[in-house]
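Student: First the structure, then my questions, so here it is.
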Amino acid sequence: MPEIRISQAQFQPEPPKNGGERPAGTAAPEPSAIRKFLLSRGNSAVADRGFHLLMVLCALSIFGIVALIATELMLSSQMAWDKFGFDFFFKAFIDPDTRLPMYWDPVNGHFSALPFIYGTLVSSFLALLLAVPLAIGVAVFLTEMCPQALRGPLAFLTELLAAIPSVIYGLWAVFVLVPLLREYVNPGLIKGLGWTGLFSDDNPTGLGFLSAGVILAIMILPIISSLTREVMSAVPHSQREAVLALGATRWEMIRMGVLRNARIGIVGAVILGLGRALGETMAVTMVIGNSPEIHHSVLANGSSMAAVIANEFAEASGDLHRSALIEIALALFIVTILVNALARVLVWAVTRGAPARVN
Amino acid sequence: MGVGIEVTNLNAWYGSNHTLQDINLNIPANHATALIGPSGCGKSTFVRCLNRMHETNPIARVTGSVRIGDLDIYTDAKPVEIRRRVGMVFQRPNPFPTMSIYDNVASGLTLNGFNNRRALDEIVEKSLKNSALWDEVKDDLKKKSGASLSGGQQQRLCIARALAVDPEVLLMDEPASALDPVSTSKIEDLIFQLKTQYTIVIVTHNMQQAARVAEKTGFFLNGRMVEFDSTHKIFTNPSDKRTEDYITGRFG
Amino acid sequence: MRAGKHNLRAQVRALTDHAATVLAVFATLVVVTPLVAIFIYLIYKGASSLNLAFFTQIPKPPGEVGGGMANAIVGSGVLLGIASLIGVPIGIGGGIFLAEFGRGTKLANAVRFTADVLNGVPSIVMGLAIYSLVVYQQKHFSAFSGGLALGIMMIPTITRTTEEMLLMVPHAVREAALGLGVPNWRSVLSITLKTASPGIITGCMLAFARVAGETAPLMFTAFGNSNWSMNPNEAIAALPLQIYVYAISPYDEWHRMAWAGALVLIVLIVLAVSLVRYVTSRGVLKGAS
């Protein structure tokens with residue numbers, strides 16, 4: 001602060017002796033019309049409290065929705081649960097004549113979710129196998145390598161992938177992807193890898209686990225890559241610089257400075273993708289083949305938990321059939337809630353600790 | 001017309017931080033009173049206690065009494081009622097970005113349910129004239145957004161907005177600290193004119209500014225009010241050694 | 001360089017670096033390819049099947065040529081209207097709670113977390129829950145139940161974007177309103193929410209675009225209808241449902257219609273997303289400093 005010795009002249013004259021020192025508490029002058037209006041407005045405490053309450057109710061509706069789904073599904077699946085218990089998810093009915101397992105037989109009232117659990121797991125696993133490396137590749141390219149001018153449009157394109165409705169993916173898969181796999185990819189797989197038993201030559205349709213896995217991979221790619229991008233850009237710049245300062249190449253910087261620090265979040269992103277794949281319905285229903293069987297071959301027809309509901313619920317043969325389908329939905333609900341919760345915790349663990357905005 | 005302010009044993013906290021300690025002070029009506037002191041001394045917290053803005057922070061707490069006119073603001077009324085009587089101008093100009101100039105000035109009334117258009121037109125014009133902005137904006141009152149004005153104009157717009165509700169007290173929390181020298185001098189001229197009609201409390205870190213506009217000055221240090229006297233006395237012959245050290249620039 | 005060994009190592013490192021770059025570029029190309037392929041196919045197959053009748057007529061029985069999806073387009077509109085009436089106010093209310101009242105509280109964290117988790121619940125599950133709640137009780141399918149399912153699906157998304165957009169409103173704007181003695185509810189609605197409205201509208205449109213293409217939650221609620229219906233208490237047609245039914249049918253004529261429907265649907269969605277992108281890239285809170 002500079003020295004201030006201000007001259008007399010700069011000062012205002014002392015306040016006038018009358019009104020100036022009027023102590024608080026003496027009568028205020030006659031209020032103006034505006035003042036009277038505002039004084040008459042009250043303190044709106046009731047309106048404020050009501051508004052607050054309403055907003056709290058809106059927020060609580062989120063819990064209400066979860067509770068509603070859970071109770072409705074539990075009530076409506078009671079019949080199947082009473083009849084089959086936990087065996088529904090683990091055991092199949094064995095036909096006494098042929099000694100073959102009967103998984104899903106609406107006509108005779110035998111229901112087991114096993115083939116659908118199997119189909120969901122296999123198709124989701126295939127999807128992750130294909131999507132994860134690609135998604136991380138895209139995220140690395142977009143955050144670390146891409147020229148600035150390309151970044152916006154490419155990010156927009158991946159966002160668009162996420163905006164395409166499931167039924168359109170299904171349509172495209174039925175008429176383009178499946179024929180493509182059937183004509184060009186599957187024969188190669190059978191010839192080269194048939195000996196593993198995973199690629200058998202007895203399904204001429206092209207529908208099946210692999211087709212479902214490929215279309216699922218395309219569908220979950222955007223979510224994995226955009227979340228991976230988010231956690232990667234949450235890694236502080238200092239981490240990158242520290243590695244670069246040691247003379248690392250760009251790839252070494254990405255590997256050691258970025259991917260290593262973001263790995264928990266990337267795992268979270270992958271699990272979130274898994275959550276999407278587990279519950280994806282329309283596209284899978286259209287290409288998985290919809291037969292309640294368990295096959296080792298990924299080229300065989302199968303079904304998934306979501307697919308069997310979509311495919312059979314409207315024409316369910318009776319209350320038990322309907323109840324069994326709802327029990328599958330309940331299982332799907334619980335599993336996706338758990339998977340998503342885990343994923344969110346992992347993603348939060350990375351992005352929350354990061355500086356508010358990357359600079 | 002303004003009313004006086006009587007502050008008794010005012011204490012304020014942010015969390016466990018005791019930011020104001022035992023403040024006692026009488027602010028005269030229809031004059032400008034300046035509060036000076038180094039940053040973090042509690043002067044901003046003090047003015048925010050005068051219209052109960054302090055308590056909008058969930059961790060803030062306050063004890064003691066503040067009387068504005070014949071009203072004890074902590075016992076006799078709710079915060080919204082107090083704030084309608086006590087206008088406030090903030091450190092950074094904060095016009096409502098979605099509103100036109102006209103709507104900004106009228107907002108204190110319209111948002112409180114006043115909608116007599118004819119009366120509003122008059123009040124808006126009068127307030128803008130009072131804040132010396134009328135001539136600069138009268139042609140695009142409803143065309144331009146409040147946010148499209150320059151920083152100094154925005155601050156005068158905020159003053160007009162505060163004046164439109166005809167407050168009894170006008171609190172100004174470093175109103176010129178974000179402005180250029182020309183705008184600053186305009187704001188100071190404005191305070192000079194307004195102080196005959198309103199009780200003005202102005203927080204400033206600029207001692208010349210306090211000297212130019214205020215009749216009374218209080219010096220705050222570490223959450224306490226060290227000295228409160230006529231501006232003339234504070235700047236020429238302070239009774240406390242710490243005040244003297246501060247105004248002569250020995251610290252702060 | 002002292003020794004060849006070092007040189008070799010440096011070369012390996014440089015090669016790895018190049019390989020990584022090439023792989024990343026390759027991955028990006030692989031990802032972009034299906035997108036381009038889908039669009040090309042949609043335009044190629046869809047445009048050739050689109051005509052005026054598509055927008056003005058209702059479906060013809062299998063085997064007959066012609067007809068359109070007018071009832072499905074209108075039906076989708078009705079469903080989305082009901083969904084927005086339910087989802088938008090509740091979602092915005094939840095977002096207001098998170099940003100204005102609940103900041104930092106345990107309740108707000110729980111709501112936020114649950115909303116994110118709810119977002120990942122498969123839509124077919126939502127459809128079955130609404131089936132049990134409404135359709136099963138009423139014994140008939142209805143547009144209302146379909147709209148309800150879609151509306152509920154919008155809530156978590158809108159809640160979260162509203163919260164994010166409100167948090168971007170500068171604190172100074174809130175203080176200005178408080179300083180004028182404006183009641184809290186009025187200040188939230190007329191100042192904070194209005195300042196954030198471009199971003200909130202964006203969020204609502206994204207949620208809207210997302211449910212516009214949903215098929216699974218409608219299969220057992222709105223159900224579909226090959227005739228005209230605007231009655232919220234009756235089964236109603238919807239564009240995505242119709243596309244599904246036509247796609248899995250054995251008729252070529254219906255396949256053609258499915259492609260046309262898909263093109264219309266995707267154009268609507270891409271328009272919405274692009275608009276959103278355009279608005280957000282111009283600054284969500286223009287003028288709010």
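We label chains A, B, ... in the order they appear in the structure tokens, count residues from 1 in each chain, and number ligands from 1 in the order shown.
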Show me, as an mmCIF file with N, CA, C and O atoms, in the first residue's frame, every residue of chain C with an atom at most 8 Å from chain B, counting only C-alpha atoms.
Tutor:
data_model
loop_
_atom_site.group_PDB
_atom_site.id
_atom_site.type_symbol
_atom_site.label_atom_id
_atom_site.label_comp_id
_atom_site.auth_asym_id
_atom_site.auth_seq_id
_atom_site.Cartn_x
_atom_site.Cartn_y
_atom_site.Cartn_z
ATOM 1 N N ALA C 172 -23.038 -16.039 -8.386
ATOM 2 C CA ALA C 172 -23.385 -14.616 -8.313
ATOM 3 C C ALA C 172 -24.826 -14.371 -8.737
ATOM 4 O O ALA C 172 -25.495 -13.489 -8.193
ATOM 5 N N VAL C 173 -25.324 -15.154 -9.714
ATOM 6 C CA VAL C 173 -26.692 -14.954 -10.182
ATOM 7 C C VAL C 173 -27.694 -15.315 -9.086
ATOM 8 O O VAL C 173 -28.671 -14.612 -8.842
ATOM 9 N N ALA C 176 -27.669 -12.597 -6.500
ATOM 10 C CA ALA C 176 -28.390 -11.399 -6.916
ATOM 11 C C ALA C 176 -29.871 -11.540 -6.602
ATOM 12 O O ALA C 176 -30.503 -10.616 -6.094
ATOM 13 N N ALA C 177 -30.424 -12.726 -6.898
ATOM 14 C CA ALA C 177 -31.848 -12.933 -6.643
ATOM 15 C C ALA C 177 -32.133 -12.927 -5.147
ATOM 16 O O ALA C 177 -33.087 -12.294 -4.688
ATOM 17 N N LEU C 178 -31.284 -13.619 -4.390
ATOM 18 C CA LEU C 178 -31.482 -13.641 -2.939
ATOM 19 C C LEU C 178 -31.420 -12.233 -2.371
ATOM 20 O O LEU C 178 -32.211 -11.846 -1.525
ATOM 21 N N GLY C 179 -30.445 -11.447 -2.870
ATOM 22 C CA GLY C 179 -30.234 -10.104 -2.355
ATOM 23 C C GLY C 179 -31.411 -9.180 -2.599
ATOM 24 O O GLY C 179 -31.559 -8.161 -1.931
ATOM 25 N N LEU C 180 -32.275 -9.553 -3.572
ATOM 26 C CA LEU C 180 -33.449 -8.724 -3.843
ATOM 27 C C LEU C 180 -34.635 -9.131 -2.980
ATOM 28 O O LEU C 180 -35.718 -8.563 -3.101
ATOM 29 N N GLY C 181 -34.433 -10.138 -2.145
ATOM 30 C CA GLY C 181 -35.547 -10.579 -1.312
ATOM 31 C C GLY C 181 -36.588 -11.361 -2.084
ATOM 32 O O GLY C 181 -37.754 -11.398 -1.729
ATOM 33 N N VAL C 182 -36.161 -12.009 -3.181
ATOM 34 C CA VAL C 182 -37.083 -12.820 -3.967
ATOM 35 C C VAL C 182 -37.284 -14.149 -3.234
ATOM 36 O O VAL C 182 -36.322 -14.739 -2.774
ATOM 37 N N PRO C 183 -38.527 -14.622 -3.107
ATOM 38 C CA PRO C 183 -38.745 -15.919 -2.453
ATOM 39 C C PRO C 183 -37.942 -17.010 -3.155
ATOM 40 O O PRO C 183 -37.747 -16.959 -4.371
ATOM 41 N N ARG C 186 -39.351 -18.757 -6.239
ATOM 42 C CA ARG C 186 -39.401 -17.889 -7.401
ATOM 43 C C ARG C 186 -38.006 -17.711 -7.980
ATOM 44 O O ARG C 186 -37.812 -17.689 -9.198
ATOM 45 N N SER C 187 -37.047 -17.577 -7.105
ATOM 46 C CA SER C 187 -35.684 -17.373 -7.577
ATOM 47 C C SER C 187 -35.165 -18.620 -8.306
ATOM 48 O O SER C 187 -34.503 -18.528 -9.330
ATOM 49 N N SER C 190 -37.548 -18.752 -11.717
ATOM 50 C CA SER C 190 -37.452 -17.653 -12.686
ATOM 51 C C SER C 190 -36.019 -17.232 -12.978
ATOM 52 O O SER C 190 -35.771 -16.594 -13.990
ATOM 53 N N ILE C 191 -35.095 -17.513 -12.074
ATOM 54 C CA ILE C 191 -33.727 -17.077 -12.313
ATOM 55 C C ILE C 191 -32.811 -18.257 -12.630
ATOM 56 O O ILE C 191 -32.320 -18.393 -13.754
ATOM 57 N N LYS C 194 -34.170 -20.647 -15.356
ATOM 58 C CA LYS C 194 -34.258 -19.964 -16.639
ATOM 59 C C LYS C 194 -32.865 -19.740 -17.224
ATOM 60 O O LYS C 194 -32.660 -19.887 -18.423
ATOM 61 N N THR C 195 -31.920 -19.396 -16.363
ATOM 62 C CA THR C 195 -30.556 -19.194 -16.847
ATOM 63 C C THR C 195 -30.002 -20.492 -17.428
ATOM 64 O O THR C 195 -29.302 -20.485 -18.436
ATOM 65 N N GLY C 287 -23.752 -15.868 -22.289
ATOM 66 C CA GLY C 287 -24.059 -14.620 -21.610
ATOM 67 C C GLY C 287 -24.013 -14.736 -20.096
ATOM 68 O O GLY C 287 -24.031 -13.742 -19.402
ATOM 69 N N ALA C 288 -23.952 -15.951 -19.579
ATOM 70 C CA ALA C 288 -23.951 -16.087 -18.127
ATOM 71 C C ALA C 288 -22.535 -16.000 -17.575
ATOM 72 O O ALA C 288 -22.305 -16.284 -16.419
#
Student: Which residues are close to region 141-154 of chain C, i.e. within 6 Å by only C-alpha atoms, leaving aside same-chain residues fewer than 2 positions away? Reply as a ChimeraX atom specification.
Tutor: /C:79,82-84,86-87,135,156-157,207,218,221-222,232-236
Student: Excluding region 34-36 of chain C and its own-chain neighbours fewer than 3 positions away, which residues fall within 8 Å of it when counting only C-alpha atoms? Please give them as a count of residues only.
Tutor: 7
Student: Kindly determine which residues of chain C lie within 7 Å of chain A, considering only C-alpha atoms, and give the answer as a PyMOL selection string.
Tutor: chain C and resi 17+20+23-25+27-28+35+38+90-91+93-94+96-97+111+114-115+117+120-122+124-126+129+132-133+183-185+210+213-216+220+240+244+247+262+266
Student: Taking only C-alpha atoms into account, name the residue in A:Phe37, A:Trp104, A:Phe93, A:Phe88 that is nearest to chain B.
Tutor: A:Phe37
Student: Please identify which residues in region 90-186 of chain B DSSP calls alpha helix (DSSP H) from the backbone, and express them as a PyMOL selection string.
Tutor: chain B and resi 101-110+117-130+134-137+151-164+181-186
Student: Between CA of Gly208 (chain A) and CA of Asn290 (chain A), what is the spacing in Å?
Tutor: 8.2 Å
Student: Counting only C-alpha atoms, which residues in chain B sit no more than 7 Å from chain A? For each one, give the nearest pair of atoms and the distance in Å, sorted by chain then residue number, as a Markdown table.
Tutor:
| residue | atom | partner | partner_atom | distance |
| --- | --- | --- | --- | --- |
| B:Met1 | CA | A:Pro29 | CA | 6.6 |
| B:Val3 | CA | A:Ala28 | CA | 6.4 |
| B:Gly4 | CA | A:Ala24 | CA | 4.6 |
| B:Ile5 | CA | A:Ala24 | CA | 5.6 |
| B:Glu6 | CA | A:Ala24 | CA | 5.7 |
| B:Pro28 | CA | A:Glu21 | CA | 5.2 |
| B:Ala29 | CA | A:Gly20 | CA | 6.1 |
| B:Asn30 | CA | A:Gly20 | CA | 6.6 |
| B:His31 | CA | A:Gly20 | CA | 6.9 |
| B:Arg67 | CA | A:Ala24 | CA | 7.0 |
| B:Ile68 | CA | A:Ala24 | CA | 6.7 |
| B:Gly69 | CA | A:Ala24 | CA | 5.1 |
| B:Asp70 | CA | A:Gly25 | CA | 4.4 |
| B:Lys78 | CA | A:Asn43 | CA | 6.1 |
| B:Val80 | CA | A:Asn43 | CA | 6.0 |
| B:Glu81 | CA | A:Asn43 | CA | 5.9 |
| B:Val165 | CA | A:Ile34 | CA | 6.7 |
| B:Asp166 | CA | A:Arg35 | CA | 6.4 |
| B:Ala211 | CA | A:Phe11 | CA | 6.3 |
| B:Arg212 | CA | A:Phe11 | CA | 6.2 |
| B:Glu215 | CA | A:Pro15 | CA | 6.5 |
| B:His232 | CA | A:Phe11 | CA | 6.7 |
| B:Ile247 | CA | A:Ile4 | CA | 6.4 |
| B:Thr248 | CA | A:Glu3 | CA | 4.9 |
| B:Gly249 | CA | A:Met1 | CA | 4.8 |
Student: Quick one: of A:Arg263, A:Met219, A:Val214, A:Ser238, who's nearest to Leu130 (chain A), counting only C-alpha atoms?
Tutor: A:Val214
Student: From the options B:Ala106, B:Leu163, B:Ile59, B:Leu190, which residue's atoms come nearest to Gly104 (chain C), counting only C-alpha atoms?
Tutor: B:Ile59
